[in-house]
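Colleague: Pasting protein_28.tsv below, which is TSV, C-alpha atoms.
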```tsv
chain	number	residue	atom	x	y	z
A	1	MET	CA	158.56	71.83	144.42
A	2	ASN	CA	159.41	70.40	147.85
A	3	GLN	CA	160.33	73.54	149.76
A	4	LYS	CA	161.08	73.33	153.49
A	5	ILE	CA	161.03	76.06	156.12
A	6	PHE	CA	163.88	76.41	158.64
A	7	PHE	CA	164.51	78.58	161.70
A	8	THR	CA	167.82	79.54	163.27
A	9	SER	CA	169.65	82.32	165.07
A	10	ASP	CA	172.93	83.56	166.48
A	11	HIS	CA	175.55	82.14	164.15
A	12	HIS	CA	177.90	85.01	165.02
A	13	PHE	CA	180.05	84.29	161.98
A	14	GLY	CA	183.46	85.93	162.36
A	15	HIS	CA	183.09	86.45	166.12
A	16	THR	CA	186.11	84.98	167.90
A	17	ASN	CA	184.84	85.72	171.43
A	18	ILE	CA	181.61	83.76	170.94
A	19	ILE	CA	183.67	80.55	170.99
A	20	LYS	CA	184.59	81.19	174.63
A	21	PHE	CA	181.35	82.95	175.63
A	22	SER	CA	179.13	80.11	174.41
A	23	GLU	CA	181.69	77.34	174.93
A	24	ARG	CA	181.56	76.36	171.28
A	25	PRO	CA	183.72	73.34	170.38
A	26	PHE	CA	185.91	75.12	167.85
A	27	ALA	CA	189.60	76.04	168.10
A	28	THR	CA	189.42	79.06	165.77
A	29	VAL	CA	186.86	81.38	164.23
A	30	GLU	CA	187.79	80.02	160.80
A	31	GLU	CA	187.00	76.46	161.93
A	32	MET	CA	183.73	77.66	163.48
A	33	ASP	CA	182.63	79.55	160.36
A	34	ALA	CA	183.46	76.60	158.07
A	35	GLU	CA	181.56	74.13	160.27
A	36	LEU	CA	178.51	76.41	160.63
A	37	ILE	CA	178.35	76.85	156.85
A	38	LYS	CA	178.72	73.09	156.35
A	39	ARG	CA	175.98	72.21	158.84
A	40	TRP	CA	173.62	74.84	157.37
A	41	ASN	CA	174.09	73.53	153.83
A	42	GLU	CA	173.74	69.88	154.88
A	43	LYS	CA	170.18	70.62	156.03
A	44	VAL	CA	169.05	73.53	153.86
A	45	SER	CA	168.73	73.13	150.09
A	46	PRO	CA	168.99	76.08	147.67
A	47	ARG	CA	165.18	76.10	147.24
A	48	ASP	CA	164.39	76.16	150.99
A	49	ILE	CA	163.36	79.10	153.18
A	50	VAL	CA	165.33	80.14	156.28
A	51	TYR	CA	164.06	82.56	158.90
A	52	HIS	CA	167.18	83.80	160.68
A	53	LEU	CA	166.35	85.47	163.99
A	54	GLY	CA	169.37	87.72	164.21
A	55	ASP	CA	173.07	87.99	164.93
A	56	ILE	CA	174.09	86.23	161.75
A	57	SER	CA	177.57	87.76	161.46
A	58	LEU	CA	180.03	89.98	163.27
A	59	ALA	CA	182.67	89.60	160.54
A	60	ARG	CA	183.76	92.53	158.38
A	61	PRO	CA	181.20	93.37	155.66
A	62	GLU	CA	183.37	91.81	152.91
A	63	ARG	CA	183.75	88.54	154.84
A	64	THR	CA	180.05	88.56	155.77
A	65	LYS	CA	179.17	88.81	152.07
A	66	GLU	CA	181.46	85.83	151.31
A	67	ILE	CA	179.80	83.77	154.03
A	68	LEU	CA	176.23	84.70	153.10
A	69	ASP	CA	176.91	83.83	149.46
A	70	GLN	CA	177.86	80.29	150.54
A	71	LEU	CA	174.62	79.63	152.44
A	72	ASN	CA	171.78	77.73	150.80
A	73	GLY	CA	168.20	78.94	150.76
A	74	SER	CA	166.23	82.15	150.66
A	75	ILE	CA	167.02	83.98	153.90
A	76	PHE	CA	164.57	86.22	155.76
A	77	LEU	CA	166.33	88.20	158.50
A	78	VAL	CA	164.70	89.25	161.75
A	79	LYS	CA	167.32	91.68	163.04
A	80	GLY	CA	169.33	91.02	166.16
A	81	ASN	CA	171.56	93.37	168.11
A	82	HIS	CA	174.67	92.35	166.13
A	83	ASP	CA	173.60	92.64	162.49
A	84	LYS	CA	175.39	95.79	161.32
A	85	SER	CA	177.66	93.80	159.01
A	86	ALA	CA	174.76	91.79	157.56
A	87	LEU	CA	172.85	95.00	156.89
A	88	SER	CA	175.64	96.05	154.54
A	89	TYR	CA	174.53	93.25	152.19
A	90	THR	CA	170.75	93.65	152.19
A	91	LYS	CA	170.23	92.13	148.75
A	92	ARG	CA	171.10	88.67	150.13
A	93	PHE	CA	167.91	88.73	152.21
A	94	GLU	CA	164.33	88.39	150.98
A	95	TRP	CA	163.44	90.98	153.60
A	96	ILE	CA	164.80	92.41	156.87
A	97	LYS	CA	162.45	93.14	159.76
A	98	ASP	CA	162.58	93.80	163.49
A	99	TYR	CA	159.69	91.41	164.23
A	100	TYR	CA	157.50	89.13	162.14
A	101	GLU	CA	154.23	87.22	162.49
A	102	LEU	CA	154.45	84.15	160.28
A	103	SER	CA	151.59	81.88	159.25
A	104	VAL	CA	152.53	78.38	158.05
A	105	GLU	CA	150.19	75.96	156.32
A	106	ASP	CA	149.78	73.00	158.67
A	107	GLN	CA	146.76	70.69	158.53
A	108	ASP	CA	147.21	69.80	162.22
A	109	ALA	CA	146.90	73.44	163.33
A	110	PRO	CA	143.64	75.30	163.99
A	111	ASN	CA	142.15	76.48	160.69
A	112	GLY	CA	145.00	74.71	158.87
A	113	ARG	CA	147.55	77.44	159.69
A	114	GLN	CA	150.12	77.68	162.48
A	115	LYS	CA	150.93	81.20	163.62
A	116	ILE	CA	154.50	81.84	164.78
A	117	ILE	CA	155.94	85.04	166.26
A	118	LEU	CA	159.56	85.58	165.22
A	119	PHE	CA	161.67	87.97	167.29
A	120	HIS	CA	165.34	88.09	168.27
A	121	TYR	CA	164.46	88.40	171.94
A	122	ALA	CA	162.45	86.07	174.18
A	123	MET	CA	159.04	87.30	175.31
A	124	LYS	CA	156.90	86.08	178.22
A	125	VAL	CA	153.70	86.74	176.28
A	126	TRP	CA	153.01	87.58	172.64
A	127	ARG	CA	150.06	88.13	170.36
A	128	SER	CA	147.65	85.19	170.69
A	129	SER	CA	150.01	83.20	172.92
A	130	PHE	CA	146.94	82.08	174.88
A	131	ARG	CA	145.52	80.63	171.65
A	132	GLY	CA	148.54	78.46	170.85
A	133	THR	CA	150.57	80.82	168.68
A	134	TRP	CA	154.24	79.83	168.90
A	135	HIS	CA	157.14	82.18	169.62
A	136	LEU	CA	160.67	81.50	168.36
A	137	TYR	CA	163.62	83.60	169.48
A	138	GLY	CA	167.40	83.72	169.74
A	139	HIS	CA	169.80	86.07	171.54
A	140	SER	CA	170.18	84.05	174.74
A	141	HIS	CA	172.51	81.30	173.43
A	142	GLY	CA	170.73	78.70	175.54
A	143	HIS	CA	171.20	80.61	178.80
A	144	LEU	CA	167.46	81.11	179.47
A	145	PHE	CA	165.38	78.52	181.28
A	146	ASP	CA	163.09	76.79	178.79
A	147	ASP	CA	159.55	77.09	180.12
A	148	GLU	CA	157.90	73.71	179.46
A	149	THR	CA	154.45	75.33	179.72
A	150	SER	CA	155.18	77.91	177.02
A	151	ARG	CA	154.92	77.37	173.28
A	152	SER	CA	158.24	79.13	172.71
A	153	PHE	CA	161.94	78.33	172.62
A	154	ASP	CA	165.40	79.45	171.57
A	155	VAL	CA	166.24	78.40	167.99
A	156	GLY	CA	169.84	79.60	168.29
A	157	VAL	CA	172.59	77.36	166.94
A	158	ASP	CA	174.13	76.93	170.40
A	159	CYS	CA	171.01	74.97	171.45
A	160	HIS	CA	170.66	72.80	168.34
A	161	ASN	CA	173.93	71.21	167.26
A	162	TYR	CA	174.97	74.39	165.37
A	163	GLU	CA	172.39	73.90	162.63
A	164	PRO	CA	168.99	75.28	161.60
A	165	LEU	CA	165.79	73.53	162.68
A	166	SER	CA	163.11	72.55	160.19
A	167	TYR	CA	159.47	73.46	160.76
A	168	ASP	CA	158.79	69.79	161.58
A	169	GLU	CA	161.58	69.74	164.19
A	170	VAL	CA	160.22	72.93	165.77
A	171	LYS	CA	156.70	71.51	165.77
A	172	GLU	CA	157.83	68.27	167.40
A	173	ARG	CA	159.59	70.15	170.24
A	174	ILE	CA	156.78	72.66	170.76
A	175	LEU	CA	154.06	69.99	170.91
A	176	LYS	CA	155.98	68.01	173.55
A	177	LYS	CA	155.56	70.94	175.93
A	178	ASP	CA	152.91	70.83	178.64
A	179	TRP	CA	150.99	73.83	177.31
A	180	LYS	CA	147.31	74.32	178.06
A	181	ALA	CA	145.11	77.09	176.72
A	182	PRO	CA	144.47	79.27	179.78
A	183	PHE	CA	140.92	80.14	178.72
A	184	ALA	CA	139.93	76.76	177.31
A	185	ASP	CA	136.86	76.48	179.51
A	186	ARG	CA	135.56	79.96	178.59
A	187	GLU	CA	134.22	81.44	175.41
A	188	LEU	CA	136.39	84.24	174.02
```
Now that the file is in, can you turn its structure into structure tokens?
Modeller:
Amino acid sequence: MNQKIFFTSDHHFGHTNIIKFSERPFATVEEMDAELIKRWNEKVSPRDIVYHLGDISLARPERTKEILDQLNGSIFLVKGNHDKSALSYTKRFEWIKDYYELSVEDQDAPNGRQKIILFHYAMKVWRSSFRGTWHLYGHSHGHLFDDETSRSFDVGVDCHNYEPLSYDEVKERILKKDWKAPFADREL
């Protein structure tokens, strides 16, 4: 089984005002929702895993259910500040958490595992950030300065062509950053 892992955030399905707020290139919320569903399903297969870092939908619960049922993959939801509607359809998610520490098998990472902190909000520091643990977040819709010395960034759709990012895409972006272990010359 060739299962991929994806990360995304801040779809804001059903949220008319997000079009203006985030300057999204859609004329209507219906057009936006249809395009976001299309782009999700073009990248994510039914067998894939998606970690959604919050604010998936502001549509009515019935409409949110319709949208979620159209999305490919097993979805793990890290709650955002606008997930009330999504929480009305909990069975669509593998789990729902406020925060999550993920470990992904990666032969290039120390000990063959890459640790990733998943949270809706950006953090300046996080558990083991000084050891190269990554941090992925949403919420800011691309309005935060991306620190090129930090192994973190916004995975929200407004920053990434309105589609989820694969683990490999995240890894490629993170490893381009000018991060250095702050205690590299000392024993811990």
Colleague: Out of A:Ser140, A:Asn17, A:Asn111, A:Ser9, which residue has the shortest atom-to-atom distance to A:Met32 when counting all atoms listed in the file?
Modeller: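 Of A:Ser140, A:Asn17, A:Asn111, A:Ser9, the one nearest A:Met32 is A:Asn17, counting all atoms listed in the file.
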Colleague: Go through A:Leu102, A:Ile117, A:Leu53, A:Ala109 and flag the residue nearest A:Phe7, using all atoms listed in the file for the distances.
Modeller: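 Closest to A:Phe7 of all the choices is A:Leu53.
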Colleague: Rank A:His52, A:Lys124, A:His141, A:Lys180 by their smallest atom-to-atom distance to A:Ile96, using all atoms listed in the file, and report the top residue only.
Modeller: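 Among the listed residues, the smallest separation from A:Ile96 belongs to A:His52.
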Colleague: Under the rule that all atoms listed in the file are counted, which of A:Lys171, A:His82, A:Lys97, A:Lys176 is the nearest residue to A:Thr149?
Modeller: A:Lys176
Colleague: Could you tell me how far atom CA of A:Glu62 sits from atom CA of A:Glu31, in Å to one decimal place?
Modeller: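 If I compute the distance from atom CA of A:Glu31 to atom CA of A:Glu62, I get 18.2 Å.
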Colleague: Choose the residue, out of A:Glu30, A:Asp146, A:Glu105, A:Glu163, that has the smallest atom-to-atom separation from A:Arg63; count only C-alpha atoms.
Modeller: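 With only C-alpha atoms as the atom set, the closest residue is A:Glu30.
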Colleague: I'd like to know which of A:Ser22, A:Gln70, A:Thr64, A:Thr16 is closest to A:Lys38, using only C-alpha atoms.
Modeller: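 Closest to A:Lys38 of all the choices is A:Gln70.
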Colleague: Just to confirm, what's the straight-line distance from atom CA of A:Glu172 to atom CA of A:Asp48 in Å (one decimal)?
Modeller: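 Value for the atom CA of A:Glu172-atom CA of A:Asp48 distance: 19.4 Å.
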Colleague: With a distance cut-off of 12 Å and only C-alpha atoms, select the neighbouring residues of A:His139, excluding the residue or stretch itself and same-chain residues fewer than 2 positions from it, and output the selection as a tab-separated table (two decimals) with C-alpha atoms, keeping the file's coordinate frame.
Modeller:
```tsv
chain	number	residue	atom	x	y	z
A	8	THR	CA	167.82	79.54	163.27
A	9	SER	CA	169.65	82.32	165.07
A	10	ASP	CA	172.93	83.56	166.48
A	11	HIS	CA	175.55	82.14	164.15
A	12	HIS	CA	177.90	85.01	165.02
A	22	SER	CA	179.13	80.11	174.41
A	52	HIS	CA	167.18	83.80	160.68
A	53	LEU	CA	166.35	85.47	163.99
A	54	GLY	CA	169.37	87.72	164.21
A	55	ASP	CA	173.07	87.99	164.93
A	56	ILE	CA	174.09	86.23	161.75
A	78	VAL	CA	164.70	89.25	161.75
A	79	LYS	CA	167.32	91.68	163.04
A	80	GLY	CA	169.33	91.02	166.16
A	81	ASN	CA	171.56	93.37	168.11
A	82	HIS	CA	174.67	92.35	166.13
A	83	ASP	CA	173.60	92.64	162.49
A	119	PHE	CA	161.67	87.97	167.29
A	120	HIS	CA	165.34	88.09	168.27
A	121	TYR	CA	164.46	88.40	171.94
A	122	ALA	CA	162.45	86.07	174.18
A	123	MET	CA	159.04	87.30	175.31
A	136	LEU	CA	160.67	81.50	168.36
A	137	TYR	CA	163.62	83.60	169.48
A	141	HIS	CA	172.51	81.30	173.43
A	142	GLY	CA	170.73	78.70	175.54
A	143	HIS	CA	171.20	80.61	178.80
A	144	LEU	CA	167.46	81.11	179.47
A	153	PHE	CA	161.94	78.33	172.62
A	154	ASP	CA	165.40	79.45	171.57
A	155	VAL	CA	166.24	78.40	167.99
A	156	GLY	CA	169.84	79.60	168.29
A	157	VAL	CA	172.59	77.36	166.94
A	158	ASP	CA	174.13	76.93	170.40
A	159	CYS	CA	171.01	74.97	171.45
```
Colleague: Which value, in Å to one decimal, gives the distance between atom CA of A:Tyr51 and atom CA of A:Ile75?
Modeller: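 Computed distance, atom CA of A:Tyr51 to atom CA of A:Ile75, equals 6.0 Å.
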Colleague: Taking 2 positions as the minimum chain separation for residues in the same chain, which residues sit within 12 Å of A:Glu35 when counting all atoms listed in the file? Answer as a list in words.
Modeller: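 So the residues in contact are His11, Phe13, Arg24, Pro25, Phe26, Ala27, Thr28, Val29, Glu30, Glu31, Met32, Asp33, Ile37, Lys38, Arg39, Trp40, Asn41, Glu42, Ile67, Leu71, Val157, Asn161, Tyr162 and Glu163 of chain A.
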Colleague: For stretch 62-75 of chain A, which lacks atoms in the input, supply N, CA, C and O atoms and format the output as a PDB file, keeping the file's coordinate frame.
Modeller:
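And here is the file that came out, out_30.pdb:
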```
ATOM      1  N   GLU A  62     182.902  92.596 154.057  1.00  0.00           N
ATOM      2  CA  GLU A  62     183.370  91.810 152.910  1.00  0.00           C
ATOM      3  C   GLU A  62     183.317  90.311 153.228  1.00  0.00           C
ATOM      4  O   GLU A  62     182.910  89.489 152.409  1.00  0.00           O
ATOM      5  N   ARG A  63     183.760  89.945 154.420  1.00  0.00           N
ATOM      6  CA  ARG A  63     183.750  88.540 154.840  1.00  0.00           C
ATOM      7  C   ARG A  63     182.306  88.058 155.042  1.00  0.00           C
ATOM      8  O   ARG A  63     181.966  86.932 154.667  1.00  0.00           O
ATOM      9  N   THR A  64     181.464  88.909 155.593  1.00  0.00           N
ATOM     10  CA  THR A  64     180.050  88.560 155.770  1.00  0.00           C
ATOM     11  C   THR A  64     179.419  88.243 154.430  1.00  0.00           C
ATOM     12  O   THR A  64     178.694  87.256 154.295  1.00  0.00           O
ATOM     13  N   LYS A  65     179.694  89.053 153.422  1.00  0.00           N
ATOM     14  CA  LYS A  65     179.170  88.810 152.070  1.00  0.00           C
ATOM     15  C   LYS A  65     179.633  87.445 151.567  1.00  0.00           C
ATOM     16  O   LYS A  65     178.831  86.669 151.035  1.00  0.00           O
ATOM     17  N   GLU A  66     180.923  87.124 151.741  1.00  0.00           N
ATOM     18  CA  GLU A  66     181.460  85.830 151.310  1.00  0.00           C
ATOM     19  C   GLU A  66     180.730  84.674 151.987  1.00  0.00           C
ATOM     20  O   GLU A  66     180.400  83.675 151.346  1.00  0.00           O
ATOM     21  N   ILE A  67     180.489  84.819 153.274  1.00  0.00           N
ATOM     22  CA  ILE A  67     179.800  83.770 154.030  1.00  0.00           C
ATOM     23  C   ILE A  67     178.357  83.629 153.563  1.00  0.00           C
ATOM     24  O   ILE A  67     177.887  82.521 153.267  1.00  0.00           O
ATOM     25  N   LEU A  68     177.640  84.750 153.499  1.00  0.00           N
ATOM     26  CA  LEU A  68     176.230  84.700 153.100  1.00  0.00           C
ATOM     27  C   LEU A  68     176.044  84.111 151.711  1.00  0.00           C
ATOM     28  O   LEU A  68     175.059  83.409 151.455  1.00  0.00           O
ATOM     29  N   ASP A  69     176.992  84.371 150.818  1.00  0.00           N
ATOM     30  CA  ASP A  69     176.910  83.830 149.460  1.00  0.00           C
ATOM     31  C   ASP A  69     177.104  82.308 149.419  1.00  0.00           C
ATOM     32  O   ASP A  69     176.758  81.667 148.434  1.00  0.00           O
ATOM     33  N   GLN A  70     177.654  81.746 150.482  1.00  0.00           N
ATOM     34  CA  GLN A  70     177.860  80.290 150.540  1.00  0.00           C
ATOM     35  C   GLN A  70     176.660  79.547 151.127  1.00  0.00           C
ATOM     36  O   GLN A  70     176.576  78.326 151.021  1.00  0.00           O
ATOM     37  N   LEU A  71     175.734  80.266 151.749  1.00  0.00           N
ATOM     38  CA  LEU A  71     174.620  79.630 152.440  1.00  0.00           C
ATOM     39  C   LEU A  71     173.459  79.330 151.503  1.00  0.00           C
ATOM     40  O   LEU A  71     173.035  80.186 150.734  1.00  0.00           O
ATOM     41  N   ASN A  72     172.938  78.128 151.591  1.00  0.00           N
ATOM     42  CA  ASN A  72     171.780  77.730 150.800  1.00  0.00           C
ATOM     43  C   ASN A  72     170.507  78.411 151.291  1.00  0.00           C
ATOM     44  O   ASN A  72     170.404  78.793 152.452  1.00  0.00           O
ATOM     45  N   GLY A  73     169.542  78.503 150.401  1.00  0.00           N
ATOM     46  CA  GLY A  73     168.200  78.940 150.760  1.00  0.00           C
ATOM     47  C   GLY A  73     167.952  80.422 150.593  1.00  0.00           C
ATOM     48  O   GLY A  73     168.867  81.215 150.407  1.00  0.00           O
ATOM     49  N   SER A  74     166.674  80.757 150.649  1.00  0.00           N
ATOM     50  CA  SER A  74     166.230  82.150 150.660  1.00  0.00           C
ATOM     51  C   SER A  74     166.158  82.553 152.127  1.00  0.00           C
ATOM     52  O   SER A  74     165.444  81.930 152.913  1.00  0.00           O
ATOM     53  N   ILE A  75     166.904  83.602 152.492  1.00  0.00           N
ATOM     54  CA  ILE A  75     167.020  83.980 153.900  1.00  0.00           C
ATOM     55  C   ILE A  75     166.187  85.226 154.186  1.00  0.00           C
ATOM     56  O   ILE A  75     166.294  86.239 153.505  1.00  0.00           O
TER      57      ILE A  75
END
```
